[in-house]
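Report on one structure; see the data block that follows.
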Amino acid sequence: MKVLLSWLREFVDVRVETARLAEDLTLAGLAVDAVEGRGEDAVLDLDVTTNRVDCMNVHGVAREVSVLYGLPLKPLEASFAESGAASADTLEVLIEAPDLCPRFCARVLDVRLGPSPSWIRDRLEVVGVRPINNVVDLTNYVMIEMGHPSHAFDLARIPEGKLRVRWGREGERLTTLDGVARTLAPRVGVVAGMHEALALAGIMGGASSEVSETTRTVALEAAYWEPLAIRRAAKTLSLRTEASHRFERGADPEGPPVATARIAHLLQKIGAGTSRPGLIDSGGARRAPRTAQLRTSRVTLVLGTKVPEARGREILTGLGFRTRGREADAEVYEVPTWRGDVSREVDLVEEVARHHGLASIPSTVPPSRGVEGLRPWQVRERAVRETMVAAGLTEVASYSFVSEAEAAADPAPRVALRNPLSADQGVLRSSLVIPGLLGALRTNLRYGRRDVGIFEIGRVFGPGEPLPREERRLGILLSGAAMPAHWSQKARAADVFDVKGILDALAARLGLGALRVAPEGLPPFVHPGKSARILRGSEALGWLGALHPDLASAWELRDEAVAAEIALDGILAAPASPARFRPLPRFPEVSRDLSIVCDAASPAADVESRIHAAGGDLLRGVRVTDRYEGPPVPAGRVSLTVALRYHHPERTLAGEEVEESVDRVVRALRAAGAEIRGE
Amino acid sequence: MSDPLDALQAKVRALREEFERALGEARDPQGFQAVKDRFLGRKSGAVTGLLRSLAGLAEDARRDAGRELNALKQDIEARLDGAREALTARSRDERLAHERVDVTLPGRPPVLGRRHPLTVVREELEEIFLSMGYEVYDGAETDDDYHCFEALNMPPDHPARDMQDTFYVAGHSGALLRTHTSTGQIRYMLSNPHPPVVRIICPGKVFRRDDDITHSPMFQQVEALVVGPGITLGDLKGSIEAFLHALFGPQYPVRFRSSFFPYTEPSVEVDLGCIVCGGKGCRVCKGTGWLEIMGSGMVHPAVFEAVNARLGRMVYDPEEVTGFAFGLGIERVAMMKHGIDDIRLFYGSDLRFLEQFPA
Ligand SMILES: [Zn+2]
């Protein structure tokens, strides 16, 4: 909101430098975003918070300034002479919807329509309002000056001189001043004639009763509208105006008579007309003033510093609060009608704090409670992230909402948004990889980056009651080279064993024990031959694998992408049992390599477990160190080299003991259909 | 007739010359061995033969000649050892020269991953608050109207709800995406209805229907809540100053100004002296010298009342306890720290962006 300094000075004789004024207003809660112009012509651009509708006008700001600098606030001049027949003789107001309009004030003005004098036009233009004619300009001028919006009807165009304040009717039509023909609804309030709607209540006037060059008599309206009614109507119509902005935040119920009087005063002052006698004031029965109590002890308690009681009283009375005696240790204040935002003690504390100055409140710190630590699961979540980073992956963050079309490859049920910004963000993600990490890969491919290793830790969503189900997950995706080309070696393309190795490292880092893979029950979006479910004991954690070629081509991926996604909540919550020390082996290990040719379809894990079962206690480790398929190995067969590690905790192993175990292993493998090629 | 000793000395001289010639021709260990055999060999070595021939001499002459010949023998051995070492050193040098690599070739770096820049900032904030005695409290990203608005003194149709246009879940009566981490205030107090002493931060993702260069429909906040007997606005100021000084350095001033949030009263906006221009005024701070960094305030008694009402008993008695809360955007901190001008970059997964920051 723009405030012209010379206009402000009509009400408070503030002489401090404009920059200082801007800073003091800002600190007191009326943020000055910018100062344009210099001297008397300076314009302050204020960002008034939604609760301070009383400061959305020059006089309200002047009141704040008067308290800031201890200067007197000059009242609005509103005296004028009345002439002619009573207003009520030619204009009748009926409030048919008191839940829309608790108070409706009106005056009948005899006007000589024409342009406003330049001082009015200039001021309006400076604050961004287009001058129209003297009558309309005065309603705008007074709204900017004292805050209350009003509206001028051409009395001749109000049938029978009767105004009815009522709710709109379904399908009712009204062309507003901006020339838009609008269809009304029962939740939209109107000021109507006997039959037709004439204006949108509290929002905008109508074209049919607009003041024009031929207007001689004006019905001037200034009402108090229920904030919620205006808010809903403005929302329904998607129409926000200066008037609706003020009314929906709660105007001053005592504003209407003041606004009409001030307009009548200025009309007379510029020689553009006179008011007929009497104010029509429908629903203007006096409301009981609201009060709020303030204990000085409470000010001290909340602010942490003492503000003298007299200073508090000075601030509050300067702002228009009136002392109404004491109750116990509290001072009772009557809340001014324009301060709808104030209702309780803490609101008064805030007023005192604002004008006492936040800078004068000494900084303290609450008593120390020592140092806190992360919870175990939070420590483990950081460990997950560190492990991924150590594995060479870069963390990405994607939106929680995704495109249903892109997410559709994941068969998990999804939660849709009722009001997404676009269809691209229409559903909550059910997977981190699909489509988030895939999208991240595509983004980087488009920028010419082929080697991508990324991860994300975040939540996925599924249907649930009372709230959607949320699950914390880890997603990993690699594509292109896992090891980039180097002058010493060729690049190595990422494959599923990179992902598996990373998850094994994670399991080791978190002390989860060995993860198992199971090649069945796979999600449909992975390559059925290069993927597995991941299990920890019998608990399913997720999946790993190459993405299905159909999906890869739908995403225009050039290289195979390998990925994994696992649930984190369970493994973060798992207690980290402390590692148990095992005495160091005092005797050297013995190792033996076995070359095995076996059925290519039988999993290496089966070979390993068969060896473990046959090897006996002294066999401490089995590892596949080489694998070969192709001639001279017959088709359908595969050659594996397996390293066996032996040791005895208490003595040096005898050669025969190892040979015996190896023999058992060889027999077991042969029994299972494998050939042994040298030992 | 000449002195036999003179004759021997002449032979020794001749042998020396002969040895030097032979040594000079030897090229490898075998050559050195052949030279050694030729002069010092047990059976046919020239020096050995001369030594044997001394037997016929008088004792004095034999002693002198023996001394002479032993000196020759030692010299030959020393010269041979020296030549062998020289050869070893030469061949090692040749081998090493042959093993030379071009150290100007690129090294083989381990593949380095990185944390997201927002993770880095969030963890930094968490560390600061942990050291100040705050617990890190986690909250859900979906929530309901009660926890997101109503309990925070924003009844339905409250104008302040406009400031944070909300995403709602379809086909669900009340589920929404939280618009701020202030939901954590309510959730924590409701789930900790014991002696009303609270000191938490609640970091997390929040969602608003906004999308432009300064607004992302998803962003991250950290909310803080401190509640207890005697917590004051002075404590709010001191705690925020301590935090901002820890985060940005003590050289930047902190300014507090009155503001409005429905769930705090008094409400306080916090500005930090512009870290770009040092307060002189620049484009980033729009010439003011200040950067808006966070919102804060004293917990509104209505918030305590709402929590008590839901708990069904008086736990957070606004007459007994007070508190302060503040919230800041993690992106805003990261943007200020790194000079980033488009918030959407954080969620674009562009490695050219993500790899710019140390992690
Ligand atoms: Zn600056």
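Chains: A, B, ... in order of the structure tokens. Residues: from 1 per chain. Ligands: from 1, in order shown.
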
Quiz prompt | Distance query Phe261 (chain B) at most 9 Å, only C-alpha atoms, self and fewer than 4 positions along chain excluded, as a list of chain:residue names | solution = A:Thr49, A:Asn51, B:Ala160, B:Glu265, B:Pro266, B:Ser267, B:Val268, B:Gly295, B:Ser296, B:Gly297

Quiz item: Within 7 Å of ligand 1, counting only C-alpha atoms and all ligand atoms, which protein or nucleic acid residues do you find, written as a ChimeraX atom specification?
Solution: /B:274-290

Practice problem: With a distance cut-off of 12 Å and only C-alpha atoms, select the neighbouring residues of Gly171 (chain B), excluding the residue or stretch itself and same-chain residues fewer than 3 positions from it, and output the selection as number ranges by chain. | Solution: A: 414-419, 463-468; B: 168, 174-176

Selected residues written out, N, CA, C and O atoms, as a CSV table (one decimal), in the first residue's frame:
```csv
chain,number,residue,atom,x,y,z
A,414,ARG,N,-1.6,-45.6,-5.7
A,414,ARG,CA,-1.1,-44.2,-5.4
A,414,ARG,C,-2.2,-43.3,-4.9
A,414,ARG,O,-3.4,-43.6,-5.0
A,415,VAL,N,-1.8,-42.2,-4.3
A,415,VAL,CA,-2.7,-41.2,-3.7
A,415,VAL,C,-2.6,-40.0,-4.6
A,415,VAL,O,-1.6,-39.5,-5.0
A,416,ALA,N,-3.8,-39.6,-5.0
A,416,ALA,CA,-3.9,-38.4,-6.0
A,416,ALA,C,-4.1,-37.1,-5.2
A,416,ALA,O,-4.7,-37.2,-4.1
A,417,LEU,N,-3.7,-36.0,-5.8
A,417,LEU,CA,-4.0,-34.7,-5.2
A,417,LEU,C,-5.3,-34.2,-5.7
A,417,LEU,O,-5.6,-34.4,-6.9
A,418,ARG,N,-6.0,-33.5,-4.9
A,418,ARG,CA,-7.3,-32.9,-5.4
A,418,ARG,C,-7.0,-31.7,-6.2
A,418,ARG,O,-7.7,-31.5,-7.2
A,419,ASN,N,-6.0,-30.9,-5.9
A,419,ASN,CA,-5.8,-29.7,-6.6
A,419,ASN,C,-4.3,-29.5,-7.0
A,419,ASN,O,-3.6,-28.6,-6.5
A,463,PRO,N,-2.2,-45.3,-0.1
A,463,PRO,CA,-3.5,-45.0,0.6
A,463,PRO,C,-3.5,-45.4,2.0
A,463,PRO,O,-2.8,-46.4,2.4
A,464,GLY,N,-4.2,-44.6,2.9
A,464,GLY,CA,-4.2,-45.0,4.3
A,464,GLY,C,-5.2,-44.1,5.0
A,464,GLY,O,-5.7,-43.1,4.4
A,465,GLU,N,-5.6,-44.5,6.2
A,465,GLU,CA,-6.5,-43.8,7.0
A,465,GLU,C,-6.0,-43.7,8.4
A,465,GLU,O,-5.4,-44.6,8.9
A,466,PRO,N,-6.1,-42.6,9.1
A,466,PRO,CA,-6.8,-41.4,8.6
A,466,PRO,C,-5.9,-40.5,7.7
A,466,PRO,O,-6.5,-39.7,7.0
A,467,LEU,N,-4.7,-40.8,7.6
A,467,LEU,CA,-3.8,-40.1,6.7
A,467,LEU,C,-3.2,-41.1,5.7
A,467,LEU,O,-3.0,-42.3,6.1
A,468,PRO,N,-2.7,-40.6,4.6
A,468,PRO,CA,-2.0,-41.5,3.7
A,468,PRO,C,-0.8,-42.2,4.4
A,468,PRO,O,-0.2,-41.6,5.3
B,168,TYR,N,-4.5,-30.5,-1.3
B,168,TYR,CA,-5.3,-31.5,-0.6
B,168,TYR,C,-5.3,-32.9,-1.3
B,168,TYR,O,-5.1,-32.9,-2.5
B,174,GLY,N,-9.9,-35.0,5.0
B,174,GLY,CA,-9.2,-33.9,5.6
B,174,GLY,C,-7.7,-33.9,5.3
B,174,GLY,O,-7.0,-33.0,5.7
B,175,ALA,N,-7.2,-34.9,4.5
B,175,ALA,CA,-5.7,-35.0,4.4
B,175,ALA,C,-5.2,-34.0,3.4
B,175,ALA,O,-5.8,-33.7,2.4
B,176,LEU,N,-4.1,-33.4,3.8
B,176,LEU,CA,-3.4,-32.4,3.0
B,176,LEU,C,-1.9,-32.6,3.1
B,176,LEU,O,-1.4,-33.4,3.9
```

Distance table requested - region 333-421 of chain A against region 218-233 of chain A, cut-off 12 Å, only C-alpha atoms: one row per qualifying residue with the closest atom pair and its distance in Å to one decimal, ordered by chain and rising residue number, as JSON lines.
```
{"residue": "A:Thr337", "atom": "CA", "partner": "A:Tyr224", "partner_atom": "CA", "distance": 11.9}
{"residue": "A:Trp338", "atom": "CA", "partner": "A:Tyr224", "partner_atom": "CA", "distance": 11.6}
{"residue": "A:Gly340", "atom": "CA", "partner": "A:Pro227", "partner_atom": "CA", "distance": 10.9}
```

Could you list, as a compact mmCIF listing (two decimals) with C-alpha atoms, in the first residue's frame, the residues of chain B having an atom within 7 Å of chain A when counting only C-alpha atoms?
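Wrote iface.txt, looks like this:
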```
# COMPACT_ATOMS: atom_id res chain seq x y z
CA VAL B 111 34.48 -42.05 -7.52
CA LEU B 112 33.20 -39.46 -5.07
CA GLY B 113 29.55 -39.07 -4.20
CA ARG B 114 27.97 -36.02 -2.66
CA ARG B 115 25.22 -35.10 -0.30
CA HIS B 116 22.56 -32.78 -1.66
CA LEU B 130 21.65 -30.22 18.96
CA SER B 131 24.53 -28.37 20.56
CA MET B 132 22.02 -25.87 21.94
CA GLY B 133 20.03 -28.70 23.54
CA TYR B 134 17.28 -29.13 20.92
CA GLU B 135 15.90 -32.52 20.02
CA VAL B 136 15.40 -33.22 16.31
CA THR B 142 0.85 -35.45 4.98
CA ASP B 143 -1.30 -34.15 7.77
CA ASP B 157 -11.72 -19.30 6.33
CA PRO B 159 -7.36 -15.08 5.78
CA PHE B 167 -2.55 -29.11 -1.64
CA TYR B 168 -5.32 -31.50 -0.64
CA VAL B 169 -5.44 -35.26 -1.05
CA ALA B 170 -8.19 -36.40 -3.39
CA ALA B 175 -5.74 -35.03 4.38
CA ARG B 209 0.75 -24.18 -4.45
CA MET B 218 7.88 -28.25 -2.38
CA GLY B 230 9.60 -18.26 32.13
CA ILE B 231 10.49 -18.47 28.42
CA THR B 232 10.48 -14.88 27.14
CA LEU B 233 10.77 -12.78 24.02
CA GLY B 234 14.28 -11.97 25.25
CA ASP B 235 15.02 -15.70 25.08
CA LYS B 237 16.00 -12.97 20.55
CA GLY B 238 19.04 -14.47 22.25
CA SER B 239 18.42 -17.95 20.87
CA PHE B 256 13.93 -8.09 14.93
CA ARG B 257 10.75 -6.44 13.75
CA SER B 258 7.10 -6.83 14.58
CA SER B 259 5.06 -8.94 12.24
CA PHE B 260 2.05 -11.20 12.14
CA GLU B 265 1.84 -13.27 19.57
CA PRO B 266 3.87 -11.11 19.60
CA TYR B 347 14.85 -30.19 -7.19
CA SER B 349 18.50 -33.40 -10.14
CA ASP B 350 20.98 -31.76 -12.51
CA LEU B 351 24.42 -33.13 -11.65
```

Practice problem: Work out how far CA of Ala61 (chain B) is from CA of Ala22 (chain B), in Å to one decimal. | Solution: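 Rounded to one decimal, the two atoms are 29.1 Å apart.
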
Exercise. As an NGL selection string, list the residues of region 32-236 of chain B assigned to alpha helix (DSSP H) by DSSP on the backbone atoms of this structure.
Key: :B and (32-40 or 46-53 or 59-98 or 117-131 or 145-148 or 183-191 or 233-236)
